[in-house]
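Reproduced below: my_file_25.txt, with compact mmCIF, C-alpha atoms and all ligand atoms.
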```
# COMPACT_ATOMS: atom_id res chain seq x y z
CA MET L 1 -13.46 -13.90 11.90
CA ALA L 2 -11.14 -16.10 9.87
CA LYS L 3 -7.63 -14.86 9.45
CA ASN L 4 -7.00 -13.19 6.13
CA ASN L 5 -4.85 -15.11 3.78
CA ILE L 6 -1.84 -13.13 2.58
CA ILE L 7 -0.55 -13.83 -0.90
CA THR L 8 2.58 -12.43 -2.53
CA GLY L 9 3.60 -12.45 -6.17
CA ILE L 10 7.11 -11.47 -7.28
CA ASP L 11 7.69 -10.87 -10.97
CA ILE L 12 11.35 -11.13 -11.88
CA GLY L 13 11.53 -9.11 -15.10
CA SER L 14 14.63 -8.01 -16.94
CA SER L 15 13.66 -4.34 -16.48
CA ASN L 16 11.71 -4.37 -13.24
CA ILE L 17 11.12 -6.54 -10.21
CA ARG L 18 7.53 -6.14 -9.12
CA THR L 19 6.14 -7.37 -5.83
CA LEU L 20 2.44 -7.45 -5.05
CA VAL L 21 0.99 -8.36 -1.68
CA ALA L 22 -2.72 -9.16 -1.51
CA HIS L 23 -5.25 -10.26 1.05
CA GLN L 24 -7.69 -12.97 0.26
CA ILE L 25 -10.67 -12.02 2.33
CA ARG L 26 -13.34 -14.55 3.04
CA GLY L 27 -16.57 -13.57 1.37
CA GLU L 28 -14.89 -11.11 -0.98
CA GLU L 29 -14.77 -12.02 -4.59
CA ASN L 30 -11.63 -10.11 -5.51
CA LEU L 31 -8.18 -10.28 -4.02
CA ARG L 32 -7.41 -7.03 -2.23
CA ILE L 33 -4.02 -5.61 -3.16
CA VAL L 34 -2.38 -4.02 -0.12
CA GLY L 35 1.28 -3.76 -1.06
CA VAL L 36 3.13 -2.79 -4.22
CA GLY L 37 6.90 -2.67 -4.73
CA VAL L 38 8.66 -1.88 -7.99
CA VAL L 39 12.41 -1.53 -8.45
CA THR L 40 14.68 -1.53 -11.47
CA SER L 41 16.10 -5.00 -12.02
CA ALA L 42 19.69 -5.82 -11.34
CA GLY L 43 21.56 -9.03 -12.00
CA ILE L 44 18.93 -10.16 -14.51
CA ARG L 45 19.37 -10.23 -18.25
CA ARG L 46 16.71 -11.41 -20.68
CA GLY L 47 14.78 -12.94 -17.82
CA ILE L 48 17.78 -14.91 -16.57
CA ILE L 49 19.72 -14.34 -13.36
CA VAL L 50 23.28 -13.47 -14.36
CA ASP L 51 24.44 -12.13 -10.98
CA ILE L 52 22.88 -13.74 -7.93
CA GLU L 53 24.10 -11.17 -5.38
CA GLU L 54 22.75 -8.27 -7.42
CA ALA L 55 19.48 -10.09 -8.02
CA ILE L 56 19.02 -10.84 -4.30
CA LYS L 57 19.55 -7.18 -3.47
CA ALA L 58 16.98 -6.06 -6.01
CA ILE L 59 14.47 -8.71 -4.90
CA ASN L 60 14.89 -7.57 -1.29
CA GLU L 61 14.39 -3.92 -2.21
CA SER L 62 11.24 -4.68 -4.17
CA VAL L 63 9.85 -6.85 -1.37
CA GLU L 64 10.68 -4.26 1.29
CA LEU L 65 8.73 -1.57 -0.56
CA ALA L 66 5.71 -3.82 -0.77
CA GLU L 67 6.05 -4.91 2.88
CA ARG L 68 6.15 -1.32 4.05
CA MET L 69 3.00 -0.48 2.17
CA ALA L 70 1.22 -3.65 3.27
CA GLY L 71 2.39 -3.34 6.87
CA SER L 72 3.26 -7.02 7.01
CA ALA L 73 6.28 -9.18 6.31
CA VAL L 74 6.63 -11.37 3.25
CA ASN L 75 8.00 -14.83 3.94
CA ARG L 76 6.74 -16.76 0.97
CA ALA L 77 5.80 -15.91 -2.56
CA PHE L 78 4.73 -17.07 -5.98
CA VAL L 79 7.48 -16.25 -8.42
CA SER L 80 7.64 -15.88 -12.19
CA ILE L 81 10.36 -17.33 -14.36
CA GLY L 82 11.36 -16.05 -17.78
CA GLY L 83 14.41 -16.72 -19.91
CA ASN L 84 14.24 -18.03 -23.43
CA GLU L 85 15.46 -21.53 -22.88
CA ILE L 86 12.08 -23.13 -22.48
CA SER L 87 10.97 -26.10 -24.49
CA LEU L 88 7.65 -27.88 -24.84
CA GLU L 89 6.97 -31.54 -25.15
CA ASN L 90 3.74 -33.46 -25.55
CA SER L 91 3.60 -36.47 -23.33
CA LYS L 92 1.22 -39.30 -22.50
CA GLY L 93 0.54 -41.40 -19.44
CA VAL L 94 -1.52 -44.56 -18.96
CA VAL L 95 -2.54 -46.33 -15.74
CA ALA L 96 -5.08 -48.90 -14.61
CA VAL L 97 -7.75 -47.39 -12.36
CA GLY L 98 -7.08 -48.53 -8.79
CA ARG L 99 -10.50 -49.10 -7.24
CA ALA L 100 -12.26 -52.38 -7.84
CA ASP L 101 -15.47 -50.64 -8.86
CA GLY L 102 -13.50 -48.54 -11.38
CA GLU L 103 -14.28 -45.14 -9.90
CA VAL L 104 -11.46 -42.71 -10.72
CA GLU L 105 -9.95 -41.18 -7.60
CA GLU L 106 -7.49 -38.34 -7.15
CA ASN L 107 -4.75 -40.89 -6.63
CA ASP L 108 -5.37 -42.33 -10.12
CA ILE L 109 -5.07 -38.85 -11.60
CA ASN L 110 -1.85 -38.25 -9.72
CA ARG L 111 -0.45 -41.54 -10.94
CA VAL L 112 -1.35 -40.97 -14.58
CA ILE L 113 0.20 -37.49 -14.50
CA ALA L 114 3.31 -38.88 -12.86
CA GLU L 115 3.47 -41.33 -15.77
CA ALA L 116 3.24 -38.47 -18.27
CA GLN L 117 5.96 -36.71 -16.34
CA ALA L 118 8.36 -39.61 -16.72
CA ILE L 119 10.04 -38.34 -19.87
CA ALA L 120 13.68 -38.44 -20.81
CA LEU L 121 14.94 -35.00 -19.89
CA PRO L 122 18.10 -33.53 -21.33
CA MET L 123 20.73 -32.97 -18.63
CA ASN L 124 20.36 -29.20 -18.68
CA LYS L 125 16.55 -29.14 -18.47
CA ASP L 126 14.04 -29.51 -15.72
CA ILE L 127 10.27 -29.77 -15.72
CA LEU L 128 8.64 -26.48 -14.84
CA HIS L 129 5.00 -27.31 -15.55
CA ILE L 130 3.01 -30.28 -16.51
CA ILE L 131 -0.31 -29.30 -17.98
CA PRO L 132 -2.85 -32.07 -18.46
CA LYS L 133 -4.76 -31.35 -21.66
CA LYS L 134 -7.28 -34.13 -21.77
CA TYR L 135 -7.99 -37.54 -20.34
CA ARG L 136 -9.31 -40.69 -21.88
CA LEU L 137 -11.13 -43.33 -19.88
CA ASP L 138 -11.48 -46.59 -21.86
CA ASP L 139 -13.42 -45.52 -25.01
CA GLN L 140 -14.39 -42.11 -23.81
CA ASP L 141 -12.10 -39.39 -25.07
CA ASN L 142 -11.73 -35.64 -24.46
CA ILE L 143 -12.48 -35.78 -20.75
CA LYS L 144 -11.50 -32.58 -18.92
CA ASN L 145 -11.70 -34.04 -15.44
CA PRO L 146 -12.16 -37.78 -14.95
CA LEU L 147 -12.61 -37.61 -11.16
CA GLY L 148 -15.57 -39.76 -10.10
CA MET L 149 -16.06 -41.37 -13.52
CA ARG L 150 -15.84 -45.12 -13.95
CA GLY L 151 -13.52 -47.15 -16.13
CA VAL L 152 -10.53 -49.45 -16.28
CA ARG L 153 -7.81 -47.70 -18.23
CA LEU L 154 -7.03 -44.03 -17.64
CA GLU L 155 -4.90 -42.06 -20.09
CA VAL L 156 -3.74 -38.48 -20.09
CA GLU L 157 -2.27 -36.23 -22.76
CA ALA L 158 -0.16 -33.52 -21.21
CA LEU L 159 2.02 -30.62 -22.22
CA VAL L 160 5.34 -30.59 -20.44
CA VAL L 161 7.08 -27.22 -20.11
CA GLU L 162 10.80 -27.53 -19.53
CA SER L 163 13.13 -24.77 -18.45
CA SER L 164 16.86 -24.48 -18.07
CA ALA L 165 17.87 -26.41 -14.95
CA SER L 166 20.63 -23.98 -14.01
CA HIS L 167 18.27 -21.04 -14.42
CA MET L 168 15.74 -22.63 -12.08
CA LYS L 169 18.51 -23.47 -9.68
CA ASN L 170 19.76 -19.87 -9.60
CA LEU L 171 16.26 -18.52 -9.11
CA THR L 172 15.66 -20.92 -6.23
CA LYS L 173 19.01 -20.04 -4.70
CA ALA L 174 18.37 -16.29 -4.94
CA PHE L 175 15.05 -16.60 -3.14
CA TYR L 176 16.45 -18.97 -0.57
CA GLN L 177 19.17 -16.47 0.24
CA ALA L 178 16.69 -13.61 0.27
CA GLY L 179 14.82 -15.56 2.94
CA ILE L 180 11.68 -16.00 0.88
CA GLU L 181 10.12 -19.38 0.46
CA ILE L 182 8.95 -20.06 -3.10
CA GLU L 183 5.39 -21.39 -3.10
CA ASP L 184 5.42 -22.05 -6.80
CA ILE L 185 7.27 -20.93 -9.91
CA ALA L 186 5.16 -19.92 -12.89
CA LEU L 187 6.30 -19.40 -16.44
CA GLU L 188 5.97 -15.66 -17.05
CA PRO L 189 3.52 -15.69 -20.00
CA LEU L 190 1.30 -18.24 -18.24
CA ALA L 191 1.20 -16.06 -15.13
CA SER L 192 0.40 -12.96 -17.22
CA ALA L 193 -2.38 -14.82 -19.00
CA LYS L 194 -4.08 -15.45 -15.66
CA SER L 195 -4.65 -11.77 -15.00
CA VAL L 196 -5.39 -10.35 -18.44
CA LEU L 197 -7.25 -13.06 -20.33
CA THR L 198 -10.86 -14.01 -19.73
CA LYS L 199 -12.15 -17.54 -19.67
CA LYS L 200 -14.21 -16.73 -22.75
CA GLN L 201 -11.16 -15.53 -24.70
CA LYS L 202 -9.30 -18.70 -23.76
CA GLU L 203 -12.25 -20.78 -24.94
CA LEU L 204 -12.52 -18.96 -28.26
CA GLY L 205 -8.82 -18.83 -29.06
CA VAL L 206 -6.46 -16.05 -28.09
CA VAL L 207 -2.78 -15.15 -27.95
CA LEU L 208 -1.27 -13.20 -25.08
CA ILE L 209 1.86 -11.25 -26.00
CA ASN L 210 3.83 -9.82 -23.10
CA ILE L 211 6.38 -7.28 -24.32
CA GLY L 212 8.88 -6.90 -21.49
CA GLY L 213 12.27 -5.21 -21.38
CA GLY L 214 14.59 -8.01 -22.48
CA THR L 215 12.12 -10.59 -23.75
CA THR L 216 8.70 -10.91 -25.32
CA SER L 217 6.71 -13.89 -24.23
CA LEU L 218 3.55 -15.39 -25.59
CA ALA L 219 0.93 -17.93 -24.69
CA VAL L 220 -1.76 -19.29 -27.01
CA PHE L 221 -5.05 -20.72 -25.75
CA GLU L 222 -7.94 -22.46 -27.43
CA GLU L 223 -10.89 -24.36 -25.98
CA GLY L 224 -9.59 -23.36 -22.58
CA GLU L 225 -6.31 -25.19 -23.16
CA ILE L 226 -2.76 -23.93 -23.51
CA LEU L 227 -1.70 -24.69 -27.07
CA HIS L 228 1.66 -23.06 -27.11
CA THR L 229 4.00 -20.82 -25.19
CA ALA L 230 7.31 -19.24 -26.09
CA ILE L 231 9.77 -16.64 -24.88
CA LEU L 232 11.47 -14.58 -27.59
CA PRO L 233 14.83 -12.98 -26.85
CA ILE L 234 13.83 -9.45 -27.89
CA GLY L 235 11.88 -6.86 -25.91
CA ALA L 236 11.16 -3.17 -25.57
CA GLY L 237 14.67 -2.56 -24.19
CA HIS L 238 15.97 -3.31 -27.68
CA ILE L 239 13.80 -0.46 -28.98
CA THR L 240 15.57 1.89 -26.57
CA ASN L 241 18.97 0.64 -27.75
CA ASP L 242 17.94 1.24 -31.37
CA VAL L 243 16.78 4.76 -30.55
CA ALA L 244 20.09 5.47 -28.78
CA ILE L 245 22.06 4.28 -31.80
CA GLY L 246 19.76 6.04 -34.27
CA LEU L 247 19.89 9.37 -32.42
CA ARG L 248 23.46 8.95 -31.14
CA THR L 249 22.33 9.64 -27.59
CA SER L 250 22.85 7.84 -24.29
CA ILE L 251 20.55 4.95 -23.38
CA GLU L 252 19.00 7.11 -20.63
CA VAL L 253 18.07 9.88 -23.05
CA ALA L 254 16.84 7.36 -25.63
CA GLU L 255 14.57 5.79 -22.99
CA LYS L 256 13.14 9.20 -22.09
CA VAL L 257 12.58 10.07 -25.75
CA LYS L 258 10.81 6.73 -26.23
CA LEU L 259 8.57 7.16 -23.18
CA GLU L 260 7.74 10.79 -23.87
CA TYR L 261 7.47 10.95 -27.65
CA GLY L 262 7.53 7.37 -28.89
CA SER L 263 4.92 5.84 -31.15
CA ALA L 264 4.60 2.39 -32.64
CA LEU L 265 3.43 3.82 -35.95
CA CYS L 266 5.28 6.46 -37.90
CA ARG L 267 2.73 7.07 -40.64
CA ASP L 268 0.56 9.57 -38.72
CA ILE L 269 3.43 11.59 -37.35
CA ASN L 270 4.17 14.90 -38.97
CA ARG L 271 7.65 14.85 -40.48
CA LYS L 272 8.19 18.43 -39.36
CA GLU L 273 7.69 17.71 -35.68
CA GLU L 274 10.97 17.95 -33.79
CA ILE L 275 12.13 16.90 -30.34
CA ASP L 276 14.57 19.10 -28.43
CA LEU L 277 17.08 16.73 -26.84
CA SER L 278 18.41 19.28 -24.36
CA GLN L 279 15.20 18.93 -22.31
CA PHE L 280 16.33 15.46 -21.23
CA ASP L 281 19.95 16.11 -20.38
CA SER L 282 22.04 19.24 -20.31
CA GLN L 283 24.82 17.31 -22.04
CA GLU L 284 22.61 16.73 -25.07
CA TYR L 285 21.83 19.26 -27.73
CA GLY L 286 20.11 19.49 -31.08
CA TYR L 287 16.78 18.41 -32.46
CA VAL L 288 15.62 15.07 -33.78
CA SER L 289 12.62 14.28 -35.94
CA ARG L 290 9.77 12.62 -34.07
CA HIS L 291 8.86 10.81 -37.26
CA HIS L 292 12.33 9.29 -37.38
CA VAL L 293 12.04 8.13 -33.74
CA ALA L 294 8.74 6.44 -34.58
CA GLU L 295 10.34 4.79 -37.63
CA ILE L 296 13.03 3.27 -35.41
CA ILE L 297 10.46 2.06 -32.86
CA GLU L 298 8.13 0.69 -35.52
CA ALA L 299 10.90 -1.28 -37.22
CA ARG L 300 11.92 -3.07 -34.02
CA LEU L 301 8.36 -3.65 -32.85
CA ARG L 302 7.47 -5.08 -36.24
CA GLU L 303 10.34 -7.52 -35.87
CA ILE L 304 9.09 -8.55 -32.41
CA LEU L 305 5.53 -8.98 -33.64
CA GLU L 306 6.67 -10.88 -36.73
CA MET L 307 8.50 -13.30 -34.46
CA ALA L 308 5.28 -13.74 -32.50
CA GLN L 309 3.47 -14.31 -35.79
CA SER L 310 5.90 -17.04 -36.79
CA GLU L 311 5.23 -18.78 -33.47
CA LEU L 312 1.53 -18.74 -34.42
CA GLN L 313 2.42 -20.08 -37.86
CA LYS L 314 4.36 -22.93 -36.26
CA ILE L 315 1.18 -24.17 -34.61
CA GLY L 316 -1.06 -23.38 -37.60
CA LYS L 317 -2.97 -20.61 -35.80
CA ALA L 318 -1.78 -17.46 -37.60
CA GLY L 319 -4.82 -15.27 -38.23
CA LEU L 320 -7.06 -17.97 -36.78
CA LEU L 321 -7.67 -16.94 -33.20
CA PRO L 322 -11.22 -15.53 -32.90
CA ALA L 323 -10.56 -13.65 -29.65
CA GLY L 324 -7.44 -12.13 -31.22
CA GLY L 325 -4.40 -10.91 -29.36
CA VAL L 326 -3.98 -9.29 -25.96
CA LEU L 327 -0.85 -7.24 -25.33
CA ALA L 328 0.74 -6.83 -21.90
CA GLY L 329 4.09 -5.82 -20.40
CA GLY L 330 5.65 -2.36 -20.42
CA GLY L 331 6.00 -2.45 -24.21
CA ALA L 332 2.21 -2.64 -24.56
CA LYS L 333 2.08 0.97 -23.34
CA LEU L 334 3.62 2.42 -26.49
CA PRO L 335 1.00 4.49 -28.30
CA PHE L 336 -0.50 2.71 -31.35
CA VAL L 337 1.06 -0.63 -30.53
CA SER L 338 -2.36 -2.31 -30.92
CA GLU L 339 -2.74 -0.85 -34.40
CA LEU L 340 0.68 -2.15 -35.42
CA ALA L 341 -0.01 -5.58 -33.90
CA LYS L 342 -3.35 -5.74 -35.72
CA ASP L 343 -1.54 -5.04 -38.94
CA VAL L 344 1.23 -7.62 -38.42
CA LEU L 345 -0.85 -10.40 -36.85
CA GLY L 346 -4.07 -9.87 -38.81
CA LEU L 347 -6.07 -10.23 -35.59
CA PRO L 348 -8.18 -7.96 -33.41
CA ILE L 349 -5.88 -6.64 -30.67
CA GLN L 350 -6.46 -5.22 -27.21
CA VAL L 351 -4.14 -4.05 -24.47
CA GLY L 352 -4.64 -6.20 -21.36
CA PHE L 353 -5.01 -4.79 -17.84
CA PRO L 354 -5.03 -7.02 -14.75
CA GLN L 355 -8.57 -7.98 -13.73
CA GLY L 356 -10.01 -9.46 -10.56
CA PHE L 357 -8.63 -7.21 -7.82
CA SER L 358 -9.62 -4.54 -5.37
CA GLY L 359 -7.47 -2.38 -3.08
CA VAL L 360 -4.73 -0.04 -4.32
CA LEU L 361 -5.75 -0.44 -7.90
CA ASP L 362 -4.44 2.74 -9.44
CA LYS L 363 -0.87 1.46 -9.34
CA VAL L 364 -1.70 -1.96 -10.65
CA ASP L 365 -4.08 -0.90 -13.40
CA ASP L 366 -1.21 -1.22 -15.81
CA PRO L 367 -0.34 -3.85 -18.46
CA ALA L 368 3.19 -4.01 -17.00
CA PHE L 369 1.66 -5.54 -13.83
CA ALA L 370 0.11 -8.44 -15.75
CA THR L 371 2.67 -10.98 -14.54
CA ALA L 372 2.80 -9.94 -10.87
CA ALA L 373 -1.02 -9.81 -10.74
CA GLY L 374 -1.24 -13.15 -12.51
CA LEU L 375 0.96 -14.69 -9.83
CA LEU L 376 -1.56 -13.65 -7.18
CA LEU L 377 -4.31 -15.39 -9.14
CA TRP L 378 -2.03 -18.35 -9.73
CA SER L 379 -2.05 -18.89 -5.98
CA GLN L 380 -5.79 -19.44 -6.05
CA ASP L 381 -5.49 -22.48 -8.24
CA HIS L 382 -2.82 -23.80 -5.95
CA GLN L 383 -4.47 -23.49 -2.62
CA GLY L 384 -7.54 -25.55 -3.41
CA GLY L 385 -10.74 -25.00 -1.49
CA SER L 386 -13.14 -22.27 -2.37
CA SER L 387 -11.50 -20.32 -5.07
CA ILE L 388 -12.40 -16.77 -5.86
CA SER L 389 -12.37 -15.42 -9.38
CA GLY L 390 -11.69 -17.14 -12.65
CA ASN L 391 -10.44 -20.46 -11.34
CA ASP L 392 -9.78 -22.25 -14.56
CA ALA L 393 -9.17 -25.92 -14.81
CA ILE L 394 -5.95 -25.69 -16.76
CA PHE L 395 -3.56 -25.94 -13.87
CA ALA L 396 -5.79 -27.55 -11.30
CA PRO L 397 -4.58 -31.10 -11.79
CA ILE L 398 -0.95 -30.05 -11.46
CA ILE L 399 -1.52 -29.27 -7.82
CA ARG L 400 -2.51 -32.82 -7.29
CA THR L 401 0.70 -34.09 -8.79
CA THR L 402 2.85 -31.94 -6.59
CA GLY L 403 0.92 -32.19 -3.36
CA SER L 404 0.75 -29.06 -1.27
CA ALA L 405 2.53 -25.94 -2.36
CA VAL L 406 4.88 -26.26 0.58
CA GLY L 407 5.67 -29.82 -0.40
CA LYS L 408 6.63 -28.51 -3.79
CA VAL L 409 8.96 -25.94 -2.32
CA ARG L 410 10.69 -28.58 -0.28
CA LYS L 411 11.04 -30.67 -3.36
CA TRP L 412 12.61 -27.78 -5.24
CA VAL L 413 14.88 -26.69 -2.49
CA GLY L 414 15.89 -30.25 -1.82
CA LYS L 415 16.68 -30.74 -5.43
CA PHE L 416 18.67 -27.64 -6.10
CA LEU L 417 20.36 -26.69 -2.91
CA PRO L 418 23.36 -28.49 -1.51
N1 LIG L 501 4.67 4.19 -21.06
C1 LIG L 501 5.52 3.44 -21.76
N2 LIG L 501 5.62 3.60 -23.10
C2 LIG L 501 6.48 2.85 -23.81
N3 LIG L 501 7.27 1.91 -23.30
C3 LIG L 501 7.21 1.69 -21.99
C4 LIG L 501 6.33 2.45 -21.15
N4 LIG L 501 6.49 2.02 -19.88
C5 LIG L 501 7.43 1.05 -19.93
N5 LIG L 501 7.87 0.87 -21.18
C6 LIG L 501 8.91 -0.07 -21.63
O1 LIG L 501 8.60 -1.37 -21.19
C7 LIG L 501 9.81 -2.09 -20.91
C8 LIG L 501 9.72 -2.73 -19.55
O2 LIG L 501 8.58 -3.52 -19.48
P1 LIG L 501 8.34 -4.52 -18.26
O3 LIG L 501 7.11 -5.27 -18.57
O4 LIG L 501 8.41 -3.76 -17.00
O5 LIG L 501 9.64 -5.42 -18.44
P2 LIG L 501 10.16 -6.69 -17.66
O6 LIG L 501 8.96 -7.47 -17.25
O7 LIG L 501 10.99 -7.39 -18.67
O8 LIG L 501 10.94 -6.20 -16.51
C9 LIG L 501 10.94 -1.09 -21.00
O9 LIG L 501 11.65 -1.28 -22.20
C10 LIG L 501 10.23 0.26 -21.00
O10 LIG L 501 10.90 1.22 -21.78
MG MG L 502 7.79 -9.02 -17.49
```
Is it possible to express this structure as structure tokens?
Amino acid sequence: MAKNNIITGIDIGSSNIRTLVAHQIRGEENLRIVGVGVVTSAGIRRGIIVDIEEAIKAINESVELAERMAGSAVNRAFVSIGGNEISLENSKGVVAVGRADGEVEENDINRVIAEAQAIALPMNKDILHIIPKKYRLDDQDNIKNPLGMRGVRLEVEALVVESSASHMKNLTKAFYQAGIEIEDIALEPLASAKSVLTKKQKELGVVLINIGGGTTSLAVFEEGEILHTAILPIGAGHITNDVAIGLRTSIEVAEKVKLEYGSALCRDINRKEEIDLSQFDSQEYGYVSRHHVAEIIEARLREILEMAQSELQKIGKAGLLPAGGVLAGGGAKLPFVSELAKDVLGLPIQVGFPQGFSGVLDKVDDPAFATAAGLLLWSQDHQGGSSISGNDAIFAPIIRTTGSAVGKVRKWVGKFLP
């Protein structure tokens, strides 16, 4: 029997570092999750590594937990990147088709994407993703995949996602020192989208909103293409801070109050209902109104969702996405968050759970695992060959530009490490 392929995804969040180990088993449609590791983040603020040593320690702890459960060592992984310093640029490339008979080969596609990649980058930025949107071959426009077609002049329109160069460098360094080879780095919302959005939703038009601890990220799709992506510098951790200030309690107690009694909507909560603070900490005393807690949560969540709405307005899609919004991340677990999001965004809203897996599912059947699970699926589009579930075309051509995943790692390491 063929050896099982082991895939690892490591989600570097500002609240949690989540590691998932999965087996890709020949003949099985779903990836089988065999290892899960979750630890509280350290050395990471708003998706950015601020203390490499601390971050390495936390990454190692998370990986060790997953290794123990999986019973195998992790040497390489797909990794997510967050931070709010991303920027998007539309770019074009044009090349002459190489073969005399005009048949487009993979090499032509690689060349045209390399052309689109040749943009003037600011000093502090580096290209994270290049996402071909559509090709044009002579007069024929809107081609999704030109391979095997015939023509003379091949053009591509691509979306270039740029991230902070120092941030990418620190991430690469942390993994290098942790002894884990990076197979690919994926922008957090794009990884999340892989596990919680369906192909149909991406065709129709949908926004994914991942409410994490320090950031909220979003990705907008239409006609199967990525239209927009952004990382906003506010997350569910800010809700906790607000609750702590509002109730004059410690952050720890505020977090517990939020998790136990929090709600994204205050209107249905009886004003007389009270929460006894001493149940959380013997140092605390007194009662607080549950309605007031919900008011604090609602105010901050509204702000987060309004920021997401203005991103949709920027691209002219506010209220115009037929498949609506899908919420993920730990913040998506607040009761009534869908109702609030529906109200603010004017769209149908669902909470997204990772799809396309078997194995230890109970742990992973959680919107907070969207990114880690998405990284496992990301691998499928980057290993070529017979893919399993939901292999969408969006990222496929990028593999061709970067060669094998290992080649890409070398490129990264070579670029960033002394
Ligand atoms: N059941 C829950 N109800 C409300 N909020 C939750 C729940 N579980 C987690 N959270 C919040 O989600 C945030 C962490 O989300 P997560 O997606 O793990 O963040 P990150 O990816 O940034 O590390 C925290 O602010 C936490 O309080
Ligand atoms: Mg996250």
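Among the candidate residues L:Ala77, L:Leu301, L:Val156, L:Ile315, the one lying nearest to Glu115 of chain L is L:Val156, with distances computed using all atoms listed in the file.
Nearest to Val39 of chain L of all the residues L:Asp101, L:Glu61, L:Asp381, L:Glu222 is L:Glu61, based on all atoms listed in the file.
All residues, whether protein, DNA or RNA, that have an atom at most 8 Å from ligand MG 502 (chain L) (counting only C-alpha atoms and all ligand atoms) are Asp11, Ile12, Gly13, Ser14, Ser15, Asn16, Gly82, Glu188, Asn210, Ile211, Gly212, Gly213, Thr215, Gly329, Gly330, Ala368, Phe369, Ala370 and Thr371 of chain L.
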Could you please take those selected residues and save C-alpha atoms as a PDB file, in the frame of the given file?
```
ATOM      1  CA  ASP L  11       7.690 -10.870 -10.970  1.00  0.00           C
ATOM      2  CA  ILE L  12      11.350 -11.130 -11.880  1.00  0.00           C
ATOM      3  CA  GLY L  13      11.530  -9.110 -15.100  1.00  0.00           C
ATOM      4  CA  SER L  14      14.630  -8.010 -16.940  1.00  0.00           C
ATOM      5  CA  SER L  15      13.660  -4.340 -16.480  1.00  0.00           C
ATOM      6  CA  ASN L  16      11.710  -4.370 -13.240  1.00  0.00           C
ATOM      7  CA  GLY L  82      11.360 -16.050 -17.780  1.00  0.00           C
ATOM      8  CA  GLU L 188       5.970 -15.660 -17.050  1.00  0.00           C
ATOM      9  CA  ASN L 210       3.830  -9.820 -23.100  1.00  0.00           C
ATOM     10  CA  ILE L 211       6.380  -7.280 -24.320  1.00  0.00           C
ATOM     11  CA  GLY L 212       8.880  -6.900 -21.490  1.00  0.00           C
ATOM     12  CA  GLY L 213      12.270  -5.210 -21.380  1.00  0.00           C
ATOM     13  CA  THR L 215      12.120 -10.590 -23.750  1.00  0.00           C
ATOM     14  CA  GLY L 329       4.090  -5.820 -20.400  1.00  0.00           C
ATOM     15  CA  GLY L 330       5.650  -2.360 -20.420  1.00  0.00           C
ATOM     16  CA  ALA L 368       3.190  -4.010 -17.000  1.00  0.00           C
ATOM     17  CA  PHE L 369       1.660  -5.540 -13.830  1.00  0.00           C
ATOM     18  CA  ALA L 370       0.110  -8.440 -15.750  1.00  0.00           C
ATOM     19  CA  THR L 371       2.670 -10.980 -14.540  1.00  0.00           C
TER      20      THR L 371
END
```
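The space between atom CA of Ser289 of chain L and atom CA of Lys272 of chain L spans 7.0 Å.
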- Polymer residues at most 10 Å from Val97 of chain L, all atoms listed in the file, same-chain spacing of 5 or more positions, as JSON, numbers by chain: {"L": [102, 103, 104, 105, 107, 108, 109, 111, 112, 137, 150, 151, 152, 153, 154, 155]}
Dump as a PDB file, in the frame of the given file, selection limited to C-alpha atoms:
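Output saved as part.pdb:
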```pdb
ATOM      1  CA  GLY L 102     -13.500 -48.540 -11.380  1.00  0.00           C
ATOM      2  CA  GLU L 103     -14.280 -45.140  -9.900  1.00  0.00           C
ATOM      3  CA  VAL L 104     -11.460 -42.710 -10.720  1.00  0.00           C
ATOM      4  CA  GLU L 105      -9.950 -41.180  -7.600  1.00  0.00           C
ATOM      5  CA  ASN L 107      -4.750 -40.890  -6.630  1.00  0.00           C
ATOM      6  CA  ASP L 108      -5.370 -42.330 -10.120  1.00  0.00           C
ATOM      7  CA  ILE L 109      -5.070 -38.850 -11.600  1.00  0.00           C
ATOM      8  CA  ARG L 111      -0.450 -41.540 -10.940  1.00  0.00           C
ATOM      9  CA  VAL L 112      -1.350 -40.970 -14.580  1.00  0.00           C
ATOM     10  CA  LEU L 137     -11.130 -43.330 -19.880  1.00  0.00           C
ATOM     11  CA  ARG L 150     -15.840 -45.120 -13.950  1.00  0.00           C
ATOM     12  CA  GLY L 151     -13.520 -47.150 -16.130  1.00  0.00           C
ATOM     13  CA  VAL L 152     -10.530 -49.450 -16.280  1.00  0.00           C
ATOM     14  CA  ARG L 153      -7.810 -47.700 -18.230  1.00  0.00           C
ATOM     15  CA  LEU L 154      -7.030 -44.030 -17.640  1.00  0.00           C
ATOM     16  CA  GLU L 155      -4.900 -42.060 -20.090  1.00  0.00           C
TER      17      GLU L 155
END
```
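Interatomic distance, atom O9 of ligand LIG 501 (chain L) to atom CA of Ile239 of chain L: 7.2 Å.
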- Considering all atoms listed in the file, return as a ChimeraX atom specification whatever protein or nucleic-acid residues lie within 9 Å of Leu171 of chain L, sequence-local ones (same chain, fewer than 4 positions apart) excluded. /L:48-49,52,81,166-167,175-176
- Interatomic distance, atom CA of Val21 of chain L to atom CA of Leu190 of chain L (Å, one decimal): 19.3 Å
Segment 278-281 of chain L surroundings by only C-alpha atoms, 8 Å radius, close-in-sequence under 3 positions cut, as an mmCIF file with C-alpha atoms, in the frame of the given file:
```cif
data_model
loop_
_atom_site.group_PDB
_atom_site.id
_atom_site.type_symbol
_atom_site.label_atom_id
_atom_site.label_comp_id
_atom_site.auth_asym_id
_atom_site.auth_seq_id
_atom_site.Cartn_x
_atom_site.Cartn_y
_atom_site.Cartn_z
ATOM 1 C CA VAL L 253 18.070 9.880 -23.050
ATOM 2 C CA LYS L 256 13.140 9.200 -22.090
ATOM 3 C CA VAL L 257 12.580 10.070 -25.750
ATOM 4 C CA GLU L 284 22.610 16.730 -25.070
ATOM 5 C CA TYR L 285 21.830 19.260 -27.730
ATOM 6 C CA GLY L 286 20.110 19.490 -31.080
#
```
